[in-house]
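Here is the structure we will look at.
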Amino acid sequence: MSAKDSMAKEYFADNARFADLCNNILYGGREVILPENLKERDTTEVLTALGLDKKTIAMQKMRDIFKNASIKYTGKSYVVLIGVENQSDIHYAIPVKNMFYDVMAYGNQVKETAKKHRKEKDTATSDEFLSGFTKEDKLIPVITITVYLGTKEWDGPRRLSDMFGDVDEELLPFIPDYRINLLAPREITDFTGFRTSIRQLFEVLQNAYDKEKMQEVLQNDEKFSNVDRETVEAINLFAGTNIDIDEKEEVIDMCKAWEDQKNEGRELGREEGRIRQAKVTALKLQKKGHSIEDIAECVDFDEETVKKWLVS
């Protein structure tokens, strides 16, 4: 597992961030899914089937994050299974990948229901017995969310039909389609619905390609003055920034850290320029026959450093 995959799984597995993410995609930012109503599920999906040779075939897939969500909304209670798949790069077959996860999750529900009926021997008809599923049995809906953590614009498919070539239009109504639920930072137009620091992560990812825009975001959003350590680490990894993190601090002022980094860059640039100019001057003085001692004094560097310049 890559560092980015590991970081993304750990970061979004946090219930507060997971709920914030889901609420923004599924409910427009309204606080409907609560952190305390989320429960971890096994991320391993295993589905067995009988092959042509009558041998059992087992298929196994590992999701990034998978949780059971109990939702109380509009006076009713619901249960839904929500998976999050993190993508640091664009995946050009993501509809098939996510659809397979969802099919396996539904298949496992049917399998577990059939196992329960066989144990209790409570199917009423031969049809129910063969199905392993009765007319009264219900599936729990499965939702998969794709979180794109890259800085480029998403140009991959958003539904299964985007991956088709030319298709007879008369056939389209008979071909099931599958749409992905995509969160791409470059496409977010309103960050106010986010209630956790994933807002700062997505804002930085949206503007990481333009340093001037990044500067503007950091200066105009006071929330960047109080960012938790895990989010700053995620920003550094996914956006390619190098914000300094004090090992003793759990909360970082990103505005100040960014400004300090810029100032350090300016100082470094000035120092590099001074060294380049000193090397040029040293070579000129050497050609004129000046001693190492005189050259070192003139360019204000020690004799050993000047010797290395003139030898190289």
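Ordered as shown in the structure tokens, chains take letters A, B, and onward, while each chain numbers its residues from 1 and ligands are numbered from 1 in the order shown.
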Exercise. Would you kindly return, as a PyMOL selection string, each protein, DNA or RNA residue with an atom no farther than 10 Å from any atom of Thr43 of chain A, considering only C-alpha atoms and excluding same-chain residues fewer than 4 positions away?
Key: chain A and resi 61-67+83
Output file for the selection above: C-alpha atoms, as a PDB file, in the first residue's frame:
```pdb
ATOM      1  CA  LYS A  61     -11.986  -7.250  -2.937  1.00  0.00           C
ATOM      2  CA  MET A  62     -10.742  -4.781  -0.335  1.00  0.00           C
ATOM      3  CA  ARG A  63     -12.582  -1.499   0.010  1.00  0.00           C
ATOM      4  CA  ASP A  64     -10.821   1.566   1.424  1.00  0.00           C
ATOM      5  CA  ILE A  65     -13.478   2.424   4.026  1.00  0.00           C
ATOM      6  CA  PHE A  66     -16.897   0.854   4.652  1.00  0.00           C
ATOM      7  CA  LYS A  67     -19.361   1.939   7.344  1.00  0.00           C
ATOM      8  CA  GLY A  83     -18.123   3.029   1.201  1.00  0.00           C
TER       9      GLY A  83
END
```
Self-check item: Near-Ile252 of chain A list (7 Å; only C-alpha atoms; drop same-chain fewer than 6 positions) as a list in words
Solution: Ser225, Asn226, Val227, Asp228 and Arg229 of chain A
Practice problem: Assign secondary structure with DSSP using the backbone only, and return the residues of segment 176-248 of chain A in alpha helix (DSSP H) as a PyMOL selection string. | Solution: chain A and resi 198-207+211-220+229-239
Mind dumping the selected residues with N, CA, C and O atoms as a compact mmCIF listing (two decimals), in the first residue's frame?
```txt
# COMPACT_ATOMS: atom_id res chain seq x y z
N ILE A 198 -11.60 18.89 6.66
CA ILE A 198 -11.48 18.43 5.27
C ILE A 198 -11.74 19.60 4.32
O ILE A 198 -11.30 19.58 3.18
N ARG A 199 -12.43 20.63 4.83
CA ARG A 199 -12.62 21.85 4.04
C ARG A 199 -11.29 22.45 3.63
O ARG A 199 -11.07 22.79 2.46
N GLN A 200 -10.35 22.56 4.60
CA GLN A 200 -9.05 23.14 4.29
C GLN A 200 -8.26 22.26 3.32
O GLN A 200 -7.59 22.77 2.42
N LEU A 201 -8.38 20.95 3.50
CA LEU A 201 -7.69 20.03 2.58
C LEU A 201 -8.19 20.23 1.15
O LEU A 201 -7.39 20.37 0.21
N PHE A 202 -9.51 20.28 0.97
CA PHE A 202 -10.06 20.40 -0.38
C PHE A 202 -9.80 21.78 -0.98
O PHE A 202 -9.59 21.91 -2.19
N GLU A 203 -9.80 22.82 -0.14
CA GLU A 203 -9.51 24.17 -0.64
C GLU A 203 -8.08 24.25 -1.17
O GLU A 203 -7.81 24.86 -2.21
N VAL A 204 -7.15 23.65 -0.45
CA VAL A 204 -5.75 23.66 -0.89
C VAL A 204 -5.61 22.85 -2.18
O VAL A 204 -4.94 23.28 -3.13
N LEU A 205 -6.23 21.67 -2.24
CA LEU A 205 -6.14 20.85 -3.45
C LEU A 205 -6.73 21.57 -4.65
O LEU A 205 -6.23 21.43 -5.77
N GLN A 206 -7.77 22.34 -4.42
CA GLN A 206 -8.39 23.08 -5.53
C GLN A 206 -7.45 24.14 -6.10
O GLN A 206 -7.47 24.43 -7.29
N ASN A 207 -6.60 24.71 -5.24
CA ASN A 207 -5.75 25.83 -5.67
C ASN A 207 -4.26 25.51 -5.70
O ASN A 207 -3.45 26.41 -5.90
N LYS A 211 0.06 29.24 -7.10
CA LYS A 211 0.56 29.73 -5.81
C LYS A 211 -0.10 31.04 -5.40
O LYS A 211 -0.30 31.30 -4.21
N GLU A 212 -0.45 31.88 -6.37
CA GLU A 212 -1.10 33.15 -6.04
C GLU A 212 -2.49 32.90 -5.46
O GLU A 212 -2.90 33.54 -4.49
N LYS A 213 -3.23 31.97 -6.06
CA LYS A 213 -4.55 31.63 -5.53
C LYS A 213 -4.44 30.97 -4.16
O LYS A 213 -5.27 31.22 -3.28
N MET A 214 -3.42 30.15 -4.01
CA MET A 214 -3.18 29.51 -2.72
C MET A 214 -2.95 30.56 -1.65
O MET A 214 -3.51 30.49 -0.55
N GLN A 215 -2.13 31.56 -1.97
CA GLN A 215 -1.85 32.65 -1.03
C GLN A 215 -3.12 33.39 -0.66
O GLN A 215 -3.37 33.70 0.51
N GLU A 216 -3.96 33.63 -1.66
CA GLU A 216 -5.22 34.35 -1.43
C GLU A 216 -6.15 33.57 -0.52
O GLU A 216 -6.77 34.13 0.40
N VAL A 217 -6.24 32.26 -0.74
CA VAL A 217 -7.09 31.40 0.10
C VAL A 217 -6.61 31.42 1.55
O VAL A 217 -7.41 31.57 2.48
N LEU A 218 -5.31 31.27 1.74
CA LEU A 218 -4.75 31.22 3.10
C LEU A 218 -4.94 32.55 3.83
O LEU A 218 -5.15 32.57 5.04
N GLN A 219 -4.87 33.64 3.11
CA GLN A 219 -5.01 34.96 3.74
C GLN A 219 -6.46 35.30 4.07
O GLN A 219 -6.74 35.99 5.06
N ASN A 220 -7.39 34.81 3.24
CA ASN A 220 -8.79 35.22 3.39
C ASN A 220 -9.65 34.28 4.24
O ASN A 220 -10.77 34.62 4.58
N ARG A 229 -3.17 18.80 13.03
CA ARG A 229 -1.92 18.23 12.52
C ARG A 229 -2.15 17.22 11.38
O ARG A 229 -1.46 17.23 10.36
N GLU A 230 -3.15 16.32 11.54
CA GLU A 230 -3.40 15.29 10.54
C GLU A 230 -3.77 15.90 9.19
O GLU A 230 -3.38 15.39 8.14
N THR A 231 -4.52 16.99 9.22
CA THR A 231 -4.92 17.65 7.97
C THR A 231 -3.73 18.30 7.29
O THR A 231 -3.59 18.23 6.06
N VAL A 232 -2.86 18.93 8.07
CA VAL A 232 -1.66 19.55 7.48
C VAL A 232 -0.76 18.48 6.87
O VAL A 232 -0.20 18.66 5.79
N GLU A 233 -0.65 17.34 7.54
CA GLU A 233 0.15 16.23 6.99
C GLU A 233 -0.47 15.74 5.68
O GLU A 233 0.25 15.43 4.72
N ALA A 234 -1.81 15.67 5.63
CA ALA A 234 -2.51 15.25 4.40
C ALA A 234 -2.30 16.28 3.29
O ALA A 234 -2.08 15.92 2.13
N ILE A 235 -2.36 17.56 3.64
CA ILE A 235 -2.13 18.63 2.66
C ILE A 235 -0.73 18.52 2.08
O ILE A 235 -0.53 18.62 0.86
N ASN A 236 0.26 18.33 2.94
CA ASN A 236 1.64 18.20 2.46
C ASN A 236 1.79 17.03 1.49
O ASN A 236 2.47 17.13 0.46
N LEU A 237 1.13 15.91 1.81
CA LEU A 237 1.28 14.71 1.00
C LEU A 237 0.54 14.81 -0.33
O LEU A 237 1.10 14.52 -1.39
N PHE A 238 -0.72 15.25 -0.30
CA PHE A 238 -1.53 15.24 -1.52
C PHE A 238 -1.35 16.48 -2.39
O PHE A 238 -1.49 16.40 -3.61
N ALA A 239 -1.07 17.62 -1.76
CA ALA A 239 -0.92 18.87 -2.54
C ALA A 239 0.54 19.15 -2.86
O ALA A 239 0.84 20.06 -3.64
```
Closest pair table for segment 16-112 of chain A residues within 8 Å of segment 120-144 of chain A, only C-alpha atoms, as a tab-separated table:
```
residue	atom	partner	partner_atom	distance
A:Val79	CA	A:Ile140	CA	6.7
A:Val80	CA	A:Pro141	CA	5.2
A:Leu81	CA	A:Val142	CA	4.7
A:Ile82	CA	A:Ile143	CA	4.8
A:Gly83	CA	A:Thr144	CA	4.6
A:Val84	CA	A:Thr144	CA	5.7
A:Glu85	CA	A:Thr144	CA	7.2
A:Asn98	CA	A:Thr144	CA	6.8
A:Asp102	CA	A:Val142	CA	6.3
A:Ala105	CA	A:Val142	CA	7.3
A:Tyr106	CA	A:Leu139	CA	7.1
A:Gln109	CA	A:Leu139	CA	6.8
A:Val110	CA	A:Phe133	CA	6.8
A:Lys111	CA	A:Gly132	CA	7.6
```
Practice problem: Quick one: everything within 8 Å of Asp20 of chain A, counting only C-alpha atoms, minus sequence neighbours fewer than 4 positions away in the same chain. Send it as a list in words. | Solution: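 In the requested form, the answer reads Ala16, Asn24, Gly29, Glu31, Ile33, Phe194, Arg195 and Thr196 of chain A.
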